[in-house]
$ cat target22.cif   # mmCIF, C-alpha atoms
data_model
loop_
_atom_site.label_atom_id
_atom_site.label_comp_id
_atom_site.auth_asym_id
_atom_site.auth_seq_id
_atom_site.Cartn_x
_atom_site.Cartn_y
_atom_site.Cartn_z
CA MET A 1 -44.44 10.28 -14.94
CA LYS A 2 -42.89 8.84 -11.85
CA LEU A 3 -45.64 6.96 -10.08
CA SER A 4 -45.25 6.12 -6.42
CA ILE A 5 -47.64 4.26 -4.18
CA ILE A 6 -48.00 5.08 -0.50
CA ALA A 7 -49.93 2.85 1.90
CA ALA A 8 -50.01 1.53 5.45
CA ILE A 9 -50.54 -2.23 5.59
CA GLY A 10 -50.89 -4.87 8.27
CA LYS A 11 -49.25 -8.30 8.45
CA ASN A 12 -51.81 -9.70 5.98
CA ASN A 13 -51.76 -6.66 3.66
CA GLU A 14 -54.78 -5.15 5.43
CA LEU A 15 -55.51 -1.58 4.36
CA GLY A 16 -58.85 -0.66 5.83
CA LYS A 17 -62.37 -1.47 6.86
CA ASN A 18 -65.62 0.39 6.34
CA ASN A 19 -63.80 2.89 4.08
CA GLU A 20 -61.50 3.96 6.91
CA LEU A 21 -57.90 3.32 7.87
CA ILE A 22 -57.46 0.55 10.42
CA TRP A 23 -54.51 2.10 12.24
CA HIS A 24 -54.11 5.79 13.07
CA LEU A 25 -50.44 6.13 13.97
CA LYS A 26 -49.18 9.65 14.62
CA GLU A 27 -45.71 9.18 13.14
CA ASP A 28 -47.17 7.44 10.10
CA MET A 29 -49.59 10.31 9.45
CA LYS A 30 -46.61 12.69 9.68
CA PHE A 31 -44.64 10.47 7.25
CA PHE A 32 -47.57 10.49 4.78
CA LYS A 33 -47.86 14.27 4.96
CA GLU A 34 -44.11 14.91 4.56
CA THR A 35 -43.76 12.39 1.71
CA THR A 36 -46.72 13.61 -0.35
CA MET A 37 -46.49 17.36 0.37
CA GLY A 38 -46.08 19.42 -2.80
CA HIS A 39 -47.02 16.50 -5.07
CA LYS A 40 -50.08 15.41 -6.97
CA ILE A 41 -51.98 12.61 -5.27
CA ILE A 42 -54.31 10.27 -7.13
CA MET A 43 -57.05 8.30 -5.42
CA GLY A 44 -60.31 6.55 -6.03
CA ARG A 45 -63.67 8.13 -5.23
CA LYS A 46 -64.15 6.30 -1.93
CA THR A 47 -60.71 7.37 -0.72
CA PHE A 48 -61.51 10.96 -1.68
CA GLU A 49 -64.79 10.75 0.23
CA SER A 50 -62.98 9.39 3.30
CA LEU A 51 -60.70 12.45 3.54
CA PRO A 52 -61.66 14.98 6.19
CA GLU A 53 -60.98 17.78 3.68
CA ILE A 54 -58.85 18.65 0.65
CA LEU A 55 -55.32 17.94 1.90
CA PRO A 56 -53.32 21.18 1.90
CA GLY A 57 -50.26 21.50 -0.31
CA ARG A 58 -51.23 18.70 -2.69
CA LYS A 59 -53.14 18.61 -5.99
CA HIS A 60 -55.94 16.03 -5.83
CA LEU A 61 -56.66 13.71 -8.77
CA VAL A 62 -59.57 11.28 -8.61
CA LEU A 63 -60.04 8.24 -10.83
CA THR A 64 -63.70 7.20 -10.80
CA ARG A 65 -66.43 5.73 -12.97
CA SER A 66 -68.91 7.86 -11.04
CA GLU A 67 -70.46 10.99 -12.53
CA LEU A 68 -70.64 12.69 -9.13
CA GLU A 69 -69.68 16.32 -8.73
CA PHE A 70 -66.26 17.04 -7.23
CA PRO A 71 -64.85 20.34 -5.98
CA LYS A 72 -63.46 22.47 -8.83
CA GLU A 73 -59.87 22.12 -7.57
CA VAL A 74 -60.03 18.32 -8.04
CA GLU A 75 -58.88 16.87 -11.38
CA VAL A 76 -61.22 13.99 -12.28
CA TYR A 77 -60.46 11.07 -14.61
CA HIS A 78 -63.04 8.50 -15.64
CA ASP A 79 -60.58 6.23 -17.42
CA LEU A 80 -57.15 4.93 -16.41
CA LYS A 81 -55.86 5.41 -19.97
CA ASP A 82 -56.80 9.12 -19.86
CA PHE A 83 -54.84 9.62 -16.63
CA LEU A 84 -51.80 7.73 -17.97
CA GLU A 85 -51.93 9.63 -21.27
CA THR A 86 -52.20 13.01 -19.53
CA TYR A 87 -49.08 12.44 -17.43
CA LYS A 88 -46.99 10.16 -19.67
CA ASP A 89 -44.48 12.91 -20.53
CA SER A 90 -44.37 14.45 -17.07
CA ASP A 91 -41.30 14.21 -14.85
CA GLU A 92 -43.23 14.84 -11.67
CA GLU A 93 -43.74 12.23 -8.98
CA ILE A 94 -47.43 11.42 -8.48
CA PHE A 95 -48.55 9.47 -5.41
CA ASP A 96 -51.29 6.83 -5.52
CA ILE A 97 -52.92 7.01 -2.07
CA GLY A 98 -55.52 4.30 -2.65
CA GLY A 99 -57.80 2.61 -2.17
CA GLU A 100 -57.60 -1.07 -2.84
CA MET A 101 -58.90 -0.96 -6.43
CA LEU A 102 -56.62 1.89 -7.48
CA TYR A 103 -53.59 0.20 -5.93
CA ARG A 104 -54.42 -2.91 -8.01
CA GLU A 105 -54.82 -0.86 -11.20
CA LEU A 106 -51.63 1.17 -10.79
CA LEU A 107 -49.23 -1.29 -9.12
CA ASP A 108 -47.66 -2.36 -12.42
CA TYR A 109 -46.96 1.29 -13.29
CA ALA A 110 -45.36 2.21 -9.98
CA ASP A 111 -41.64 2.93 -9.73
CA LYS A 112 -41.66 3.18 -5.92
CA LEU A 113 -43.76 1.81 -3.09
CA TYR A 114 -43.66 3.66 0.23
CA LEU A 115 -45.18 1.08 2.55
CA THR A 116 -45.73 1.40 6.25
CA GLU A 117 -45.48 -2.22 7.34
CA ILE A 118 -47.40 -2.57 10.59
CA GLU A 119 -46.72 -5.48 12.95
CA ALA A 120 -50.41 -6.05 13.63
CA GLU A 121 -53.39 -7.62 11.95
CA ASP A 122 -57.11 -7.02 11.73
CA LYS A 123 -59.42 -9.94 11.01
CA GLU A 124 -62.27 -7.56 10.15
CA ALA A 125 -60.42 -5.76 7.35
CA ASP A 126 -62.36 -5.49 4.11
CA ALA A 127 -59.71 -3.82 1.93
CA TYR A 128 -56.27 -5.24 1.17
CA PHE A 129 -53.10 -4.08 -0.58
CA PRO A 130 -52.38 -6.29 -3.61
CA LYS A 131 -49.70 -8.93 -3.34
CA PHE A 132 -46.63 -8.05 -5.39
CA ASN A 133 -43.36 -9.71 -6.34
CA LYS A 134 -40.82 -8.28 -3.90
CA GLU A 135 -38.04 -9.73 -6.08
CA GLU A 136 -38.75 -6.95 -8.61
CA PHE A 137 -37.79 -4.30 -6.05
CA ASP A 138 -34.83 -3.13 -4.00
CA LYS A 139 -35.97 -2.75 -0.42
CA SER A 140 -34.71 -0.23 2.12
CA ILE A 141 -36.02 0.54 5.59
CA ILE A 142 -36.30 4.30 5.96
CA GLY A 143 -37.70 4.42 9.50
CA GLU A 144 -38.66 2.20 12.41
CA HIS A 145 -41.23 3.19 15.01
CA TYR A 146 -43.05 1.97 18.08
CA ASP A 147 -46.39 3.46 19.13
CA GLU A 148 -46.47 3.05 22.91
CA LYS A 149 -50.14 3.96 23.27
CA LYS A 150 -51.23 1.30 20.81
CA ASN A 151 -48.35 -1.11 21.50
CA ILE A 152 -47.64 -1.43 17.78
CA GLU A 153 -44.31 -1.65 15.96
CA TYR A 154 -44.09 -0.50 12.36
CA LYS A 155 -41.52 0.49 9.79
CA HIS A 156 -41.47 2.71 6.75
CA VAL A 157 -40.12 0.72 3.83
CA LEU A 158 -39.22 1.98 0.38
CA TYR A 159 -39.41 -0.51 -2.47
CA LYS A 160 -37.74 0.77 -5.67
CA ARG A 161 -38.55 -1.13 -8.84
CA ARG A 162 -35.44 -2.61 -10.44
CA SER A 163 -36.86 -2.09 -13.90
CA TYR A 164 -39.56 0.38 -14.81
CA GLY A 165 -43.21 -0.59 -14.59
CA LYS A 166 -45.45 -1.06 -17.61
CA ARG A 167 -45.47 1.99 -19.80
#
$ encode --input "target22.cif" --output "C-alpha coordinates"
Amino acid sequence: MKLSIIAAIGKNNELGKNNELIWHLKEDMKFFKETTMGHKIIMGRKTFESLPEILPGRKHLVLTRSELEFPKEVEVYHDLKDFLETYKDSDEEIFDIGGEMLYRELLDYADKLYLTEIEAEDKEADAYFPKFNKEEFDKSIIGEHYDEKKNIEYKHVLYKRRSYGKR
(Lines of atoms letter the chains of each structure in order from A and count residues from 1; the text may use other names and numbers.)
(Lines give C-alpha, C1' and ligand atoms only; values in the text may rest on other atoms or scores of the structure.)
Protein backbone atom coordinates (compact mmCIF):
# COMPACT_ATOMS: atom_id res chain seq x y z
CA MET A 1 0.00 0.00 0.00
CA LYS A 2 1.07 3.51 -0.73
CA LEU A 3 -0.32 5.63 2.08
CA SER A 4 -0.65 9.36 1.59
CA ILE A 5 -1.93 11.93 4.04
CA ILE A 6 -3.83 15.01 2.91
CA ALA A 7 -4.60 17.89 5.26
CA ALA A 8 -4.93 21.66 5.46
CA ILE A 9 -3.05 23.13 8.41
CA GLY A 10 -2.50 26.55 9.91
CA LYS A 11 0.74 28.12 11.15
CA ASN A 12 0.50 26.14 14.41
CA ASN A 13 -0.62 22.88 12.75
CA GLU A 14 -4.29 23.72 13.38
CA LEU A 15 -6.68 21.35 11.62
CA GLY A 16 -10.13 22.10 12.94
CA LYS A 17 -12.51 23.08 15.68
CA ASN A 18 -15.85 21.65 16.71
CA ASN A 19 -15.36 18.78 14.22
CA GLU A 20 -15.22 21.19 11.28
CA LEU A 21 -12.51 22.61 9.07
CA ILE A 22 -11.27 26.03 10.14
CA TRP A 23 -10.64 27.37 6.65
CA HIS A 24 -12.87 26.82 3.62
CA LEU A 25 -10.69 27.82 0.68
CA LYS A 26 -12.14 27.23 -2.77
CA GLU A 27 -8.87 26.31 -4.49
CA ASP A 28 -7.94 24.01 -1.61
CA MET A 29 -11.26 22.17 -1.83
CA LYS A 30 -10.62 21.75 -5.57
CA PHE A 31 -7.08 20.47 -4.84
CA PHE A 32 -8.46 17.93 -2.31
CA LYS A 33 -11.05 16.68 -4.79
CA GLU A 34 -8.60 16.38 -7.70
CA THR A 35 -5.92 14.70 -5.57
CA THR A 36 -8.18 12.10 -3.94
CA MET A 37 -10.54 11.41 -6.88
CA GLY A 38 -10.54 7.75 -7.91
CA HIS A 39 -8.73 6.65 -4.73
CA LYS A 40 -9.70 5.04 -1.47
CA ILE A 41 -9.88 7.49 1.42
CA ILE A 42 -9.56 6.45 5.04
CA MET A 43 -10.87 8.53 7.91
CA GLY A 44 -11.97 8.35 11.50
CA ARG A 45 -15.63 8.23 12.51
CA LYS A 46 -15.87 11.92 13.39
CA THR A 47 -14.40 12.94 10.03
CA PHE A 48 -16.89 10.66 8.29
CA GLU A 49 -19.73 12.24 10.25
CA SER A 50 -18.52 15.72 9.29
CA LEU A 51 -18.82 15.01 5.55
CA PRO A 52 -21.89 16.46 3.86
CA GLU A 53 -22.34 13.15 2.00
CA ILE A 54 -20.40 10.20 0.59
CA LEU A 55 -17.78 11.90 -1.59
CA PRO A 56 -18.32 10.87 -5.21
CA GLY A 57 -15.62 8.95 -7.04
CA ARG A 58 -13.87 7.69 -3.91
CA LYS A 59 -14.19 4.52 -1.82
CA HIS A 60 -14.69 5.39 1.85
CA LEU A 61 -12.87 3.47 4.60
CA VAL A 62 -13.55 4.28 8.25
CA LEU A 63 -11.34 3.30 11.18
CA THR A 64 -13.37 3.42 14.39
CA ARG A 65 -13.78 1.73 17.75
CA SER A 66 -17.48 2.54 17.54
CA GLU A 67 -20.07 -0.13 16.74
CA LEU A 68 -22.30 2.39 14.94
CA GLU A 69 -23.96 1.50 11.66
CA PHE A 70 -22.37 2.89 8.50
CA PRO A 71 -23.77 2.95 4.96
CA LYS A 72 -23.19 -0.36 3.14
CA GLU A 73 -20.75 1.22 0.67
CA VAL A 74 -18.38 2.17 3.53
CA GLU A 75 -15.63 -0.29 4.48
CA VAL A 76 -15.29 -0.25 8.28
CA TYR A 77 -12.22 -1.27 10.31
CA HIS A 78 -12.20 -1.49 14.08
CA ASP A 79 -8.47 -2.10 14.39
CA LEU A 80 -5.49 -0.41 12.72
CA LYS A 81 -3.76 -3.78 12.29
CA ASP A 82 -6.75 -5.13 10.32
CA PHE A 83 -6.63 -2.16 7.93
CA LEU A 84 -2.85 -2.46 7.46
CA GLU A 85 -3.09 -6.23 6.95
CA THR A 86 -5.90 -5.88 4.39
CA TYR A 87 -3.93 -3.47 2.20
CA LYS A 88 -0.32 -4.54 2.86
CA ASP A 89 0.08 -6.15 -0.59
CA SER A 90 -1.85 -3.50 -2.49
CA ASP A 91 -0.15 -1.11 -4.90
CA GLU A 92 -2.92 1.44 -4.72
CA GLU A 93 -2.52 4.86 -3.14
CA ILE A 94 -4.85 5.33 -0.16
CA PHE A 95 -5.42 8.79 1.30
CA ASP A 96 -5.75 9.44 5.02
CA ILE A 97 -8.11 12.44 5.26
CA GLY A 98 -8.15 12.69 9.06
CA GLY A 99 -8.91 13.57 11.68
CA GLU A 100 -6.31 14.33 14.26
CA MET A 101 -6.21 10.86 15.85
CA LEU A 102 -5.98 9.02 12.54
CA TYR A 103 -3.22 11.33 11.32
CA ARG A 104 -1.27 10.47 14.50
CA GLU A 105 -1.85 6.73 14.04
CA LEU A 106 -0.89 6.62 10.36
CA LEU A 107 1.84 9.26 10.08
CA ASP A 108 4.66 6.73 10.47
CA TYR A 109 3.19 4.63 7.63
CA ALA A 110 2.77 7.49 5.17
CA ASP A 111 4.96 7.76 2.08
CA LYS A 112 3.61 11.19 1.09
CA LEU A 113 2.06 14.15 2.86
CA TYR A 114 -0.02 16.55 0.78
CA LEU A 115 -0.26 19.53 3.11
CA THR A 116 -1.99 22.79 2.45
CA GLU A 117 0.08 25.16 4.57
CA ILE A 118 -2.10 28.14 5.41
CA GLU A 119 -0.55 31.45 6.47
CA ALA A 120 -3.08 31.99 9.23
CA GLU A 121 -3.76 30.77 12.74
CA ASP A 122 -6.77 30.05 14.90
CA LYS A 123 -6.43 30.27 18.67
CA GLU A 124 -9.70 28.38 19.14
CA ALA A 125 -8.60 25.27 17.23
CA ASP A 126 -9.17 22.01 19.08
CA ALA A 127 -7.61 19.59 16.58
CA TYR A 128 -4.00 19.68 15.38
CA PHE A 129 -1.88 17.89 12.80
CA PRO A 130 0.94 15.96 14.51
CA LYS A 131 4.42 17.40 14.45
CA PHE A 132 6.75 15.42 12.20
CA ASN A 133 10.43 15.42 11.34
CA LYS A 134 10.65 17.35 8.07
CA GLU A 135 14.23 16.09 7.66
CA GLU A 136 12.78 12.66 6.75
CA PHE A 137 11.06 14.14 3.69
CA ASP A 138 11.86 15.84 0.41
CA LYS A 139 9.70 18.93 0.14
CA SER A 140 8.28 20.45 -3.03
CA ILE A 141 5.80 23.28 -3.42
CA ILE A 142 3.17 22.22 -5.94
CA GLY A 143 0.99 25.33 -5.84
CA GLU A 144 0.76 28.78 -4.28
CA HIS A 145 -2.52 30.61 -3.78
CA TYR A 146 -4.03 33.75 -2.35
CA ASP A 147 -7.69 33.91 -1.34
CA GLU A 148 -8.66 37.55 -1.83
CA LYS A 149 -12.00 37.26 -0.04
CA LYS A 150 -10.40 35.88 3.10
CA ASN A 151 -7.04 37.63 2.67
CA ILE A 152 -5.18 34.36 3.22
CA GLU A 153 -2.07 33.03 1.50
CA TYR A 154 -1.51 29.29 1.33
CA LYS A 155 0.53 26.75 -0.56
CA HIS A 156 0.15 23.11 -1.48
CA VAL A 157 3.24 21.25 -0.37
CA LEU A 158 4.19 17.66 -1.12
CA TYR A 159 6.45 15.93 1.37
CA LYS A 160 7.87 12.63 0.04
CA ARG A 161 9.42 10.32 2.61
CA ARG A 162 13.09 9.64 1.87
CA SER A 163 12.79 6.13 3.23
CA TYR A 164 9.59 4.16 3.55
CA GLY A 165 7.46 4.42 6.67
CA LYS A 166 7.05 1.62 9.18
CA ARG A 167 5.84 -1.54 7.54
$ resolve_selection --input "target22.cif" --expression "the PyMOL selection byres ((chain A and resi 161) around 12)" --output "PyMOL selection string"
chain A and resi 2-5+107-114+132-140+158-160+162-166
$ residues_around --input "target22.cif" --residues "A:Tyr87" --least-positions-apart "3" --cutoff "6 Å" --atoms "only C-alpha atoms" --output "tab-separated table (two decimals) with C-alpha atoms, in the coordinates of the input"
chain	number	residue	atom	x	y	z
A	1	MET	CA	-44.44	10.28	-14.94
A	84	LEU	CA	-51.80	7.73	-17.97
A	90	SER	CA	-44.37	14.45	-17.07
$ atom_distance --input "target22.cif" --atom1 "atom CA of A:Phe129" --atom2 "atom CA of A:Met101"
8.8 Å
$ resolve_selection --input "target22.cif" --expression "the PyMOL selection byres ((chain A and resi 30-41) around 9)" --output "JSON, numbers by chain"
{"A": [6, 7, 25, 26, 27, 28, 29, 42, 43, 55, 56, 57, 58, 59, 60, 61, 62, 92, 93, 94, 95, 96, 97, 114, 156]}
$ atom_distance --input "target22.cif" --atom1 "atom CA of A:Asp89" --atom2 "atom CA of A:Val74"
20.7 Å
$ residues_around --input "target22.cif" --residues "A:Leu21" --least-positions-apart "5" --cutoff "9 Å" --atoms "only C-alpha atoms" --output "PyMOL selection string"
chain A and resi 8+15-16
$ atom_distance --input "target22.cif" --atom1 "atom CA of A:Glu100" --atom2 "atom CA of A:Asp147"
25.1 Å
$ resolve_selection --input "target22.cif" --expression "the PyMOL selection byres ((chain A and resi 63) around 7)" --output "list in words"
Met43, Gly44, Arg45, Leu61, Val62, Thr64, Val76, Tyr77, His78 and Asp79 of chain A
